[in-house]
Every structure is written in C-alpha cells, then in structure tokens.
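Novice: One file is attached below, query14.csv, containing CSV, C-alpha atoms.
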```
chain,number,residue,atom,x,y,z
X,525,MET,CA,0.0,0.0,0.0
X,526,GLU,CA,2.8,2.4,1.0
X,527,LYS,CA,4.7,1.7,-2.2
X,528,ALA,CA,1.6,2.3,-4.3
X,529,VAL,CA,1.1,5.7,-2.7
X,530,MET,CA,4.8,6.6,-3.3
X,531,ALA,CA,4.6,5.5,-7.0
X,532,LEU,CA,1.4,7.7,-7.4
X,533,ALA,CA,3.1,10.6,-5.7
X,534,ALA,CA,6.2,10.3,-8.0
X,535,ALA,CA,3.9,10.2,-11.0
X,536,LEU,CA,2.0,13.3,-9.9
X,537,CYS,CA,5.3,15.1,-9.4
X,538,VAL,CA,6.3,14.4,-13.0
X,539,CYS,CA,3.0,15.9,-14.1
X,540,GLY,CA,4.6,19.3,-13.6
X,541,GLY,CA,6.5,18.6,-16.8
X,542,CYS,CA,3.4,19.0,-18.9
X,543,VAL,CA,3.2,22.7,-18.3
X,544,THR,CA,6.9,23.1,-19.0
X,545,GLY,CA,6.5,21.3,-22.3
X,546,LEU,CA,3.8,23.8,-23.3
X,547,ALA,CA,6.0,26.8,-22.2
X,548,GLU,CA,9.1,25.6,-24.0
X,549,GLY,CA,7.0,25.0,-27.1
X,550,LYS,CA,5.8,28.7,-26.8
X,551,VAL,CA,9.4,29.8,-26.6
X,552,ALA,CA,10.3,27.9,-29.8
X,553,VAL,CA,7.2,29.3,-31.6
X,554,GLN,CA,8.0,32.9,-30.7
X,555,ALA,CA,11.6,32.4,-31.7
X,556,VAL,CA,10.7,31.0,-35.1
X,557,GLU,CA,8.1,33.8,-35.6
X,558,SER,CA,10.6,36.6,-34.8
X,559,ILE,CA,13.3,35.0,-37.0
X,560,GLY,CA,10.7,35.0,-39.8
X,561,LYS,CA,10.0,38.7,-39.3
X,562,ASN,CA,13.6,39.7,-38.8
X,563,PRO,CA,16.1,37.2,-40.3
X,564,ASP,CA,19.1,39.5,-39.6
X,565,ALA,CA,18.7,39.1,-35.8
X,566,ALA,CA,18.7,35.3,-36.0
X,567,ASP,CA,21.9,34.8,-34.0
X,568,LYS,CA,20.8,36.9,-31.1
X,569,ILE,CA,17.2,35.4,-31.1
X,570,GLN,CA,18.7,31.9,-31.1
X,571,SER,CA,20.8,32.4,-28.0
X,572,MET,CA,18.0,34.2,-26.2
X,573,ALA,CA,15.6,31.5,-27.0
X,574,ILE,CA,18.0,28.8,-25.8
X,575,ILE,CA,18.5,30.7,-22.5
X,576,GLY,CA,14.7,31.2,-22.1
X,577,ALA,CA,14.1,27.5,-22.7
X,578,ALA,CA,16.8,26.5,-20.3
X,579,ILE,CA,15.5,28.7,-17.5
X,580,SER,CA,11.9,27.5,-18.0
X,581,GLU,CA,13.2,23.9,-18.1
X,582,THR,CA,14.4,24.3,-14.5
X,583,CYS,CA,10.8,23.9,-13.3
X,584,ALA,CA,10.5,20.5,-14.9
X,585,ILE,CA,13.8,19.4,-13.6
X,586,TYR,CA,12.8,20.3,-10.0
X,587,CYS,CA,9.7,18.1,-10.5
X,588,LEU,CA,11.8,15.3,-11.8
X,589,LEU,CA,14.3,15.6,-8.9
X,590,VAL,CA,11.4,15.5,-6.3
X,591,ALA,CA,10.1,12.3,-8.1
X,592,PHE,CA,13.6,10.8,-7.9
X,593,LEU,CA,13.8,11.6,-4.2
X,594,ILE,CA,10.5,10.0,-3.6
X,595,ILE,CA,11.4,6.8,-5.5
X,596,PHE,CA,15.0,6.3,-4.4
X,597,ILE,CA,15.1,7.8,-0.9
X,598,LEU,CA,11.6,7.3,0.5
X,599,GLY,CA,11.0,4.0,-1.5
X,600,ALA,CA,14.4,2.4,-0.7
D,852,MET,CA,35.1,6.8,4.6
D,853,VAL,CA,33.6,5.6,1.3
D,854,ILE,CA,35.2,6.8,-1.9
D,855,GLN,CA,32.5,7.5,-4.5
D,856,THR,CA,33.0,5.9,-7.9
D,857,ALA,CA,32.7,9.3,-9.6
D,858,VAL,CA,36.1,10.3,-8.1
D,859,TYR,CA,37.8,7.7,-10.3
D,860,SER,CA,36.1,9.0,-13.4
D,861,ILE,CA,37.0,12.6,-12.4
D,862,ILE,CA,40.7,11.6,-12.1
D,863,ILE,CA,40.6,9.7,-15.5
D,864,ILE,CA,39.0,12.7,-17.2
D,865,THR,CA,41.4,15.2,-15.7
D,866,VAL,CA,44.4,13.1,-16.7
D,867,PHE,CA,43.0,12.7,-20.2
D,868,MET,CA,42.3,16.4,-20.6
D,869,ALA,CA,45.8,17.3,-19.4
D,870,LEU,CA,47.4,14.9,-21.9
D,871,VAL,CA,45.3,16.2,-24.7
D,872,LEU,CA,46.2,19.8,-23.8
D,873,VAL,CA,49.9,19.0,-23.6
D,874,TYR,CA,49.6,17.5,-27.1
D,875,ILE,CA,47.7,20.5,-28.4
D,876,ASN,CA,50.2,22.9,-26.8
D,877,ARG,CA,53.1,21.1,-28.6
D,878,LYS,CA,51.3,21.4,-31.9
D,879,LEU,CA,50.6,25.1,-31.3
D,880,VAL,CA,54.1,26.0,-30.3
D,881,SER,CA,55.7,24.3,-33.3
D,882,PHE,CA,53.1,25.9,-35.6
D,883,ASP,CA,54.4,28.4,-38.1
D,884,PRO,CA,52.1,31.4,-38.0
D,885,LEU,CA,52.6,32.3,-41.6
D,886,SER,CA,51.5,28.9,-42.9
D,887,GLU,CA,47.9,27.8,-43.4
D,888,PRO,CA,46.4,26.1,-40.2
D,889,LYS,CA,44.9,22.7,-40.5
D,890,GLY,CA,43.9,19.7,-38.4
D,891,VAL,CA,44.1,20.2,-34.6
D,892,VAL,CA,45.5,23.7,-34.9
D,893,LEU,CA,42.6,24.9,-37.1
D,894,LEU,CA,40.1,23.3,-34.8
D,895,MET,CA,41.6,24.9,-31.7
D,896,ILE,CA,41.8,28.3,-33.3
D,897,MET,CA,38.2,28.1,-34.4
D,898,ALA,CA,37.0,27.0,-30.9
D,899,ALA,CA,39.0,29.7,-29.2
D,900,GLN,CA,37.6,32.4,-31.6
D,901,THR,CA,34.0,31.2,-31.1
D,902,VAL,CA,34.3,31.3,-27.3
D,903,ASP,CA,36.1,34.6,-27.4
D,904,ASN,CA,33.4,36.2,-29.6
D,905,MET,CA,30.6,34.8,-27.4
D,906,VAL,CA,32.2,36.2,-24.2
D,907,LYS,CA,33.0,39.6,-25.9
D,908,THR,CA,29.5,40.2,-27.1
D,909,LYS,CA,28.0,39.5,-23.6
D,910,THR,CA,30.7,41.3,-21.5
D,911,ASN,CA,33.3,43.9,-22.5
D,912,GLU,CA,36.8,43.5,-24.0
D,913,LYS,CA,38.7,43.9,-20.7
D,914,VAL,CA,36.7,41.3,-18.8
D,915,ALA,CA,36.7,38.9,-21.8
D,916,LYS,CA,40.5,38.6,-21.7
D,917,TYR,CA,40.4,36.9,-18.3
D,918,LEU,CA,36.9,35.3,-18.5
D,919,ALA,CA,37.2,33.5,-21.9
D,920,PRO,CA,39.9,31.0,-20.7
D,921,TYR,CA,37.8,30.0,-17.7
D,922,ILE,CA,34.7,29.6,-19.9
D,923,MET,CA,36.6,27.5,-22.4
D,924,THR,CA,37.9,25.3,-19.6
D,925,ILE,CA,34.5,24.6,-17.9
D,926,ALA,CA,33.0,24.0,-21.4
D,927,ALA,CA,35.5,21.3,-22.2
D,928,TYR,CA,35.3,19.8,-18.7
D,929,ILE,CA,31.5,19.7,-18.6
D,930,PHE,CA,31.3,18.3,-22.1
D,931,LEU,CA,33.9,15.5,-21.3
D,932,SER,CA,32.1,14.8,-18.0
D,933,ASN,CA,28.7,14.5,-19.7
D,934,ILE,CA,29.8,12.1,-22.4
D,935,ALA,CA,31.9,10.0,-19.9
D,936,GLY,CA,28.9,7.6,-19.8
D,937,LEU,CA,29.7,6.5,-23.4
D,938,PHE,CA,33.1,5.2,-22.3
D,939,SER,CA,31.5,3.2,-19.4
D,940,LEU,CA,32.8,5.6,-16.8
D,941,GLU,CA,30.3,6.9,-14.2
D,942,THR,CA,29.3,10.4,-15.2
D,943,PRO,CA,30.8,12.9,-12.8
D,944,THR,CA,28.1,15.5,-13.5
D,945,SER,CA,25.4,13.1,-12.2
D,946,ASN,CA,27.1,13.6,-8.8
D,947,TYR,CA,25.6,16.7,-7.1
D,948,SER,CA,29.0,17.7,-5.4
D,949,VAL,CA,30.6,18.3,-8.8
D,950,THR,CA,27.9,20.5,-10.3
D,951,LEU,CA,27.6,22.4,-7.0
D,952,ALA,CA,31.3,23.1,-7.1
D,953,LEU,CA,31.1,24.3,-10.7
D,954,ALA,CA,28.1,26.6,-9.8
D,955,VAL,CA,29.9,27.9,-6.7
D,956,ILE,CA,32.9,29.0,-8.9
D,957,THR,CA,30.5,30.8,-11.3
D,958,CYS,CA,28.6,32.5,-8.4
D,959,ILE,CA,31.9,33.7,-6.8
D,960,LEU,CA,32.9,35.1,-10.2
D,961,ILE,CA,29.5,36.9,-10.4
D,962,GLU,CA,30.1,38.5,-7.0
D,963,VAL,CA,33.7,39.4,-7.8
D,964,TYR,CA,32.8,41.2,-11.1
D,965,SER,CA,29.8,42.9,-9.4
D,966,ALA,CA,32.2,44.2,-6.7
D,967,LYS,CA,34.8,45.3,-9.3
D,968,GLY,CA,32.2,47.1,-11.4
D,969,ARG,CA,30.4,49.0,-8.6
D,970,GLY,CA,33.3,49.6,-6.2
D,971,VAL,CA,33.2,48.4,-2.6
D,972,LYS,CA,30.6,51.1,-1.5
D,973,GLY,CA,28.3,50.4,-4.4
D,974,TYR,CA,28.6,46.7,-3.9
D,975,ILE,CA,27.5,46.8,-0.3
D,976,LYS,CA,24.8,49.2,-1.3
D,977,SER,CA,23.5,46.8,-4.0
D,978,TRP,CA,22.6,44.3,-1.3
D,979,PHE,CA,20.2,46.8,0.2
D,980,GLU,CA,18.5,47.9,-3.0
D,981,PRO,CA,15.9,49.2,-3.5
D,982,LEU,CA,15.1,49.4,0.3
D,983,ALA,CA,16.9,48.1,3.4
D,984,PRO,CA,14.4,45.2,4.1
D,985,PHE,CA,15.0,43.8,0.7
D,986,VAL,CA,18.4,42.4,1.9
D,987,VAL,CA,16.6,39.1,2.6
D,988,MET,CA,15.3,39.0,-1.0
D,989,ASN,CA,18.7,39.8,-2.4
D,990,ILE,CA,20.4,37.0,-0.5
D,991,MET,CA,17.7,34.6,-1.5
D,992,SER,CA,18.1,35.5,-5.2
D,993,LYS,CA,21.8,34.9,-5.0
D,994,PHE,CA,21.2,31.4,-3.6
D,995,SER,CA,18.5,30.7,-6.2
D,996,THR,CA,21.1,31.4,-8.9
D,997,LEU,CA,23.4,28.9,-7.3
D,998,LEU,CA,20.7,26.3,-6.9
D,999,SER,CA,19.2,26.6,-10.4
D,1000,LEU,CA,22.6,26.6,-12.1
D,1001,SER,CA,23.8,23.4,-10.3
D,1002,LEU,CA,20.5,21.6,-10.2
D,1003,ARG,CA,19.8,22.1,-14.0
D,1004,LEU,CA,23.0,20.4,-15.0
D,1005,PHE,CA,22.7,17.7,-12.3
D,1006,GLY,CA,19.0,16.9,-13.0
D,1007,ASN,CA,19.5,16.7,-16.8
D,1008,ILE,CA,22.4,14.4,-16.7
D,1009,LEU,CA,21.1,12.2,-13.8
D,1010,SER,CA,17.7,11.8,-15.5
D,1011,GLY,CA,19.5,10.8,-18.7
D,1012,SER,CA,21.6,8.1,-17.0
D,1013,ILE,CA,18.6,6.8,-14.9
D,1014,LEU,CA,16.4,6.6,-18.0
D,1015,MET,CA,19.2,4.7,-19.9
D,1016,SER,CA,19.5,2.1,-17.1
D,1017,VAL,CA,15.7,1.7,-17.0
D,1018,ILE,CA,15.6,1.2,-20.8
D,1019,TYR,CA,18.5,-1.3,-20.6
D,1020,GLN,CA,16.5,-3.3,-18.0
D,1021,MET,CA,13.3,-3.2,-20.2
D,1022,LEU,CA,15.2,-4.3,-23.3
D,1023,GLY,CA,16.9,-7.1,-21.4
D,1024,ASN,CA,13.5,-8.4,-20.3
D,1025,ILE,CA,12.3,-8.2,-23.9
D,1026,SER,CA,15.3,-10.1,-25.2
D,1027,LYS,CA,14.8,-12.9,-22.7
D,1028,LEU,CA,11.7,-13.8,-24.7
D,1029,ILE,CA,14.0,-14.9,-27.6
D,1030,PRO,CA,15.2,-18.5,-27.0
D,1031,VAL,CA,18.8,-19.6,-26.6
D,1032,ILE,CA,20.6,-16.2,-27.3
D,1033,GLY,CA,18.1,-14.2,-25.3
D,1034,GLN,CA,20.3,-14.2,-22.1
D,1035,PHE,CA,22.6,-11.8,-23.9
D,1036,ASN,CA,20.9,-8.4,-24.2
D,1037,ILE,CA,20.5,-8.6,-27.9
D,1038,VAL,CA,17.6,-6.1,-28.4
D,1039,GLY,CA,19.5,-3.6,-26.3
D,1040,VAL,CA,22.5,-3.7,-28.6
D,1041,ILE,CA,20.3,-2.7,-31.6
D,1042,ILE,CA,18.0,-0.1,-30.0
D,1043,ALA,CA,20.2,1.6,-27.3
D,1044,PRO,CA,22.9,3.4,-29.4
D,1045,ALA,CA,20.3,5.8,-30.9
D,1046,LEU,CA,19.1,6.6,-27.4
D,1047,HIS,CA,22.7,7.1,-26.2
D,1048,PHE,CA,23.1,9.6,-29.0
D,1049,TYR,CA,20.2,11.6,-27.6
D,1050,PHE,CA,20.7,11.3,-23.9
D,1051,ASP,CA,24.5,11.4,-23.7
D,1052,LEU,CA,25.8,13.3,-26.8
D,1053,PHE,CA,23.0,15.8,-27.5
D,1054,ALA,CA,22.0,16.5,-23.9
D,1055,GLY,CA,25.7,16.7,-22.9
D,1056,VAL,CA,26.5,19.3,-25.6
D,1057,MET,CA,23.4,21.2,-24.9
D,1058,GLN,CA,23.9,21.3,-21.1
D,1059,ALA,CA,27.6,22.4,-21.5
D,1060,PHE,CA,26.5,25.1,-23.9
D,1061,ILE,CA,23.6,26.3,-21.6
D,1062,PHE,CA,25.9,26.3,-18.5
D,1063,ILE,CA,28.5,28.5,-20.1
D,1064,THR,CA,25.9,30.8,-21.8
D,1065,LEU,CA,24.1,31.4,-18.5
D,1066,SER,CA,27.4,31.9,-16.6
D,1067,VAL,CA,28.5,34.6,-19.1
D,1068,SER,CA,25.1,36.3,-19.1
D,1069,PHE,CA,24.9,36.4,-15.3
D,1070,ILE,CA,28.4,37.9,-15.2
D,1071,GLY,CA,27.7,40.3,-18.0
D,1072,LYS,CA,24.5,41.5,-16.2
D,1073,GLU,CA,26.6,42.7,-13.3
D,1074,LEU,CA,29.0,44.8,-15.4
D,1075,PRO,CA,28.3,48.6,-15.2
D,1076,ASP,CA,28.4,49.6,-18.9
D,1077,LYS,CA,28.5,47.2,-21.9
D,1078,GLN,CA,30.0,48.6,-25.0
```
Any chance you could put this one into structure tokens?
Specialist:
Amino acid sequence: MEKAVMALAAALCVCGGCVTGLAEGKVAVQAVESIGKNPDAADKIQSMAIIGAAISETCAIYCLLVAFLIIFILGA
Amino acid sequence: MVIQTAVYSIIIITVFMALVLVYINRKLVSFDPLSEPKGVVLLMIMAAQTVDNMVKTKTNEKVAKYLAPYIMTIAAYIFLSNIAGLFSLETPTSNYSVTLALAVITCILIEVYSAKGRGVKGYIKSWFEPLAPFVVMNIMSKFSTLLSLSLRLFGNILSGSILMSVIYQMLGNISKLIPVIGQFNIVGVIIAPALHFYFDLFAGVMQAFIFITLSVSFIGKELPDKQ
C-alpha cells in the first residue's frame, strides 16, 4: 500500500513537466516567428531562445528531482 | 570513509584532458604562424575564436581577456564529463557535489565582477536595494542562482543516466523472450545506441552550452556599462 502511494506521488510530481513542455513550445514558436519577421537578428534570437528555454526547463527538472527523491530515498 | 565511484572517473577525465592539452600545446608551439592552419591547430583556433566572440558580445573586452579561458575550460570539462557515460565511466556531473562546485565557482565570479564594477561602496549598497528590508530577497536571489545553475546540470544528466538504465532493463527483459541467445541483451544492442546519441551526446553538448551561456550572461549582467 505504501509503495503504491509513493509511486502515485512520484507520477503526480512528474505531471509538472506537462506545463513546462507547453511553455518551451511557446518559446520555440516565438523564436521562429521573430526570426521569420527579422532574419538578420537570427543569432541573437537563437541564443536568447535557448537561454529562455533552459530557464523555464528548471521547473520540470525540479519536478523530476522530487520524483527521484520519492522513488530512491523514500522508497528504498 | 567511502570513496564514491565518480572520483575515479574525475581523475581519469582530468588526466585525459591534461594529456590532450599538452599534445595541443606542442602542436601550437611548433606551428608556423605564416603557414595555413589545418587539423588540430585549425580546430583549436576556431574553438577559441568562437568562445572569445561569445564572451566579448556579452561582456566587455577587458573582462573577456580573463573570462574567456575560464569559460573554455569549464565548457571542455563539462562536455567531457557529460559524455563519460559513453566510455563506461560513471558520469561525474550526475554527482551533485561536482555540479555544485562548478556553480559555486560561477557564483563567486559573479560577485567578484559585481564588486569590481560597482566599487566596494556600491557593492555593499547593492545588497540593500531598493530598500533596506530587501536584503533578505537579495540573499535569496543569490542562492537561487546557485541552486538553479547546479540543479539544472545535475538533473538533466542524472535523468538521462537513470532513463538509460531503465531502458536497458526493459530491453533485457524483452530479449529474454528470444530463445537460446536471449540471455545476452540482444535487443538492447540494436536499440540503445540511438538513445545514447540523444541522452549522452545531444544532452551533454546542450547542457555544457547552456551552462557557459548562463554563466557569461549572469556575469555580463553585473558589469556597469557594456560597449
């Protein structure tokens, strides 16, 4: 019973990744749109888009780490 | 005291990096500047120019002279550490102590350049901006930079290695269904290399790039005037 609850908790933690996926998709969409409008600034937009995606990815990584902690430390 | 297995791979990577750098140094010293560069020399010149330009556009010329070598070093080190899994070593960056150490170096550099740019008085004042009670917020924001820099690298690489081990287990169970030769993980040999390409090579290059880009941007943000 305890293990089942832990597995459910870990699965719920990883659900935070859904929102991050949407947000990173939004970053990519905006970057492609702005490169289409302004091809000269492609280099700058690319690096900014990567930084933005990386920062918003942190949220998903925290979710993943909490899931790992639940599985490997609570569940062990 | 237990010695973690990551220590051995750190030592191996450091020795390997030192040997490669000695070799490159020999090549560069014996290189005739008037002749056309090719091979290792051309590769190193291009890499150095790329990093130099990246640091120069985000900071200024004076800072870039001292910052670019550090950025190149951590880029090479993080990249080699991330792909260590391909050579059956334990990935050092999937150990939190290593990524925390790298992030601490970057955070100290951020503070040093902030203090250099503003002067001692301005630096102390910047902790109490915009109002005196905000000192708590400022300290927390400095710690959040440290946490997010280290946890991003750690989480990405750790999740990659854990996913790969889970996939190997699953493929091993599938290949047990094949009679006679099934004990040897035969499905894993066919499917796993493509996943190694994504989780080790692609994620490794991306995370090394993101780490250095964020380090340079955070340091560039603290400089007073960017030309």
Novice: The residues within 12 Å of (11.3, 33.4, -33.0), using all atoms listed in the file and the coordinates of the file, should be reported as a PyMOL selection string; which are they?
Specialist: chain X and resi 549-574+576
Novice: Any chance you could tabulate, as a tab-separated table, the residues of chain X at most 7 Å from chain D with each one's nearest atom pair and distance in Å to one decimal, using only C-alpha atoms, in chain and rising number order?
Specialist:
```
residue	atom	partner	partner_atom	distance
X:Ile575	CA	D:Ile1061	CA	6.8
X:Ala578	CA	D:Ile1061	CA	6.9
X:Thr582	CA	D:Arg1003	CA	5.9
X:Ile585	CA	D:Gly1006	CA	5.8
X:Leu589	CA	D:Gly1006	CA	6.4
```
Novice: Could you please determine the separation between CA of Ile922 (chain D) and CA of Tyr859 (chain D) in Å, to one decimal place?
Specialist: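 Taking CA of Ile922 (chain D) as the start and CA of Tyr859 (chain D) as the end point, the length is 24.1 Å.
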Novice: Provide the CA of Leu960 (chain D) to CA of Lys993 (chain D) distance in Å, to one decimal place.
Specialist: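 Those two atoms sit 12.3 Å apart.
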Novice: Excluding Phe1050 (chain D) and residues on its chain fewer than 6 positions from it, collect all residues at most 12 Å away from it, counting all atoms listed in the file, and give them as a list in words.
Specialist: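 Near neighbours after the sequence-gap exclusion: Asn933, Ile934, Ala935, Gly936, Leu937, Asn1007, Ile1008, Leu1009, Ser1010, Gly1011, Ser1012, Ile1013, Leu1014, Met1015, Ser1016, Ile1018, Ala1043, Pro1044, Val1056, Met1057 and Gln1058 of chain D.
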Novice: May I have the residues within 9 Å of Ala898 (chain D) as a PDB file with C-alpha atoms, keeping the file's coordinate frame, using all atoms listed in the file and disregarding those fewer than 5 positions away in the same chain?
Specialist:
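Generated file (selection09.pdb):
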```pdb
ATOM      1  CA  LEU D 893      42.600  24.900 -37.100  1.00  0.00           C
ATOM      2  CA  ASP D 903      36.100  34.600 -27.400  1.00  0.00           C
ATOM      3  CA  MET D 923      36.600  27.500 -22.400  1.00  0.00           C
TER       4      MET D 923
END
```
Novice: Can you list, as a list in words, every protein, DNA or RNA residue that comes within 12 Å of Gln855 (chain D) when you count all atoms listed in the file, leaving out same-chain residues fewer than 2 positions away?
Specialist: Met852, Val853, Ala857, Val858, Tyr859, Ser860, Ile861, Ile862, Glu941, Thr942, Pro943, Ser945, Asn946, Tyr947, Ser948 and Val949 of chain D
Novice: Go ahead and compute the interatomic distance for CA of Gly1033 (chain D) and CA of Leu940 (chain D), in Å to one decimal.
Specialist: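 Going from CA of Gly1033 (chain D) over to CA of Leu940 (chain D) covers 26.1 Å.
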Novice: Closest to Asn1024 (chain D) among D:Leu870, D:Glu1073, D:Asn1036, D:Leu998, using all atoms listed in the file?
Specialist: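 Closest to Asn1024 (chain D) of all the choices is D:Asn1036.
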Novice: Give as a ChimeraX atom specification every residue, naming chains and numbers as the document does, that has an atom within 10 Å of (32.5, 23.9, -16.3), counting all atoms listed in the file.
Specialist: /D:921-932,944,949-950,952-954,956-957,1059-1060,1062-1063,1066
Novice: Residues at most 7 Å from region 528-543 of chain X, counting only C-alpha atoms, excluding those fewer than 3 positions away in the same chain, as a PyMOL selection string?
Specialist: chain X and resi 525+546-547+584+587-588+590-591+594-595+599
Novice: Between D:Leu1074, D:Val1067, D:Pro1030, D:Thr996, which residue has the minimum interatomic distance to Ala919 (chain D), considering all atoms listed in the file?
Specialist: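 For Ala919 (chain D), the nearest of the given residues is D:Val1067.
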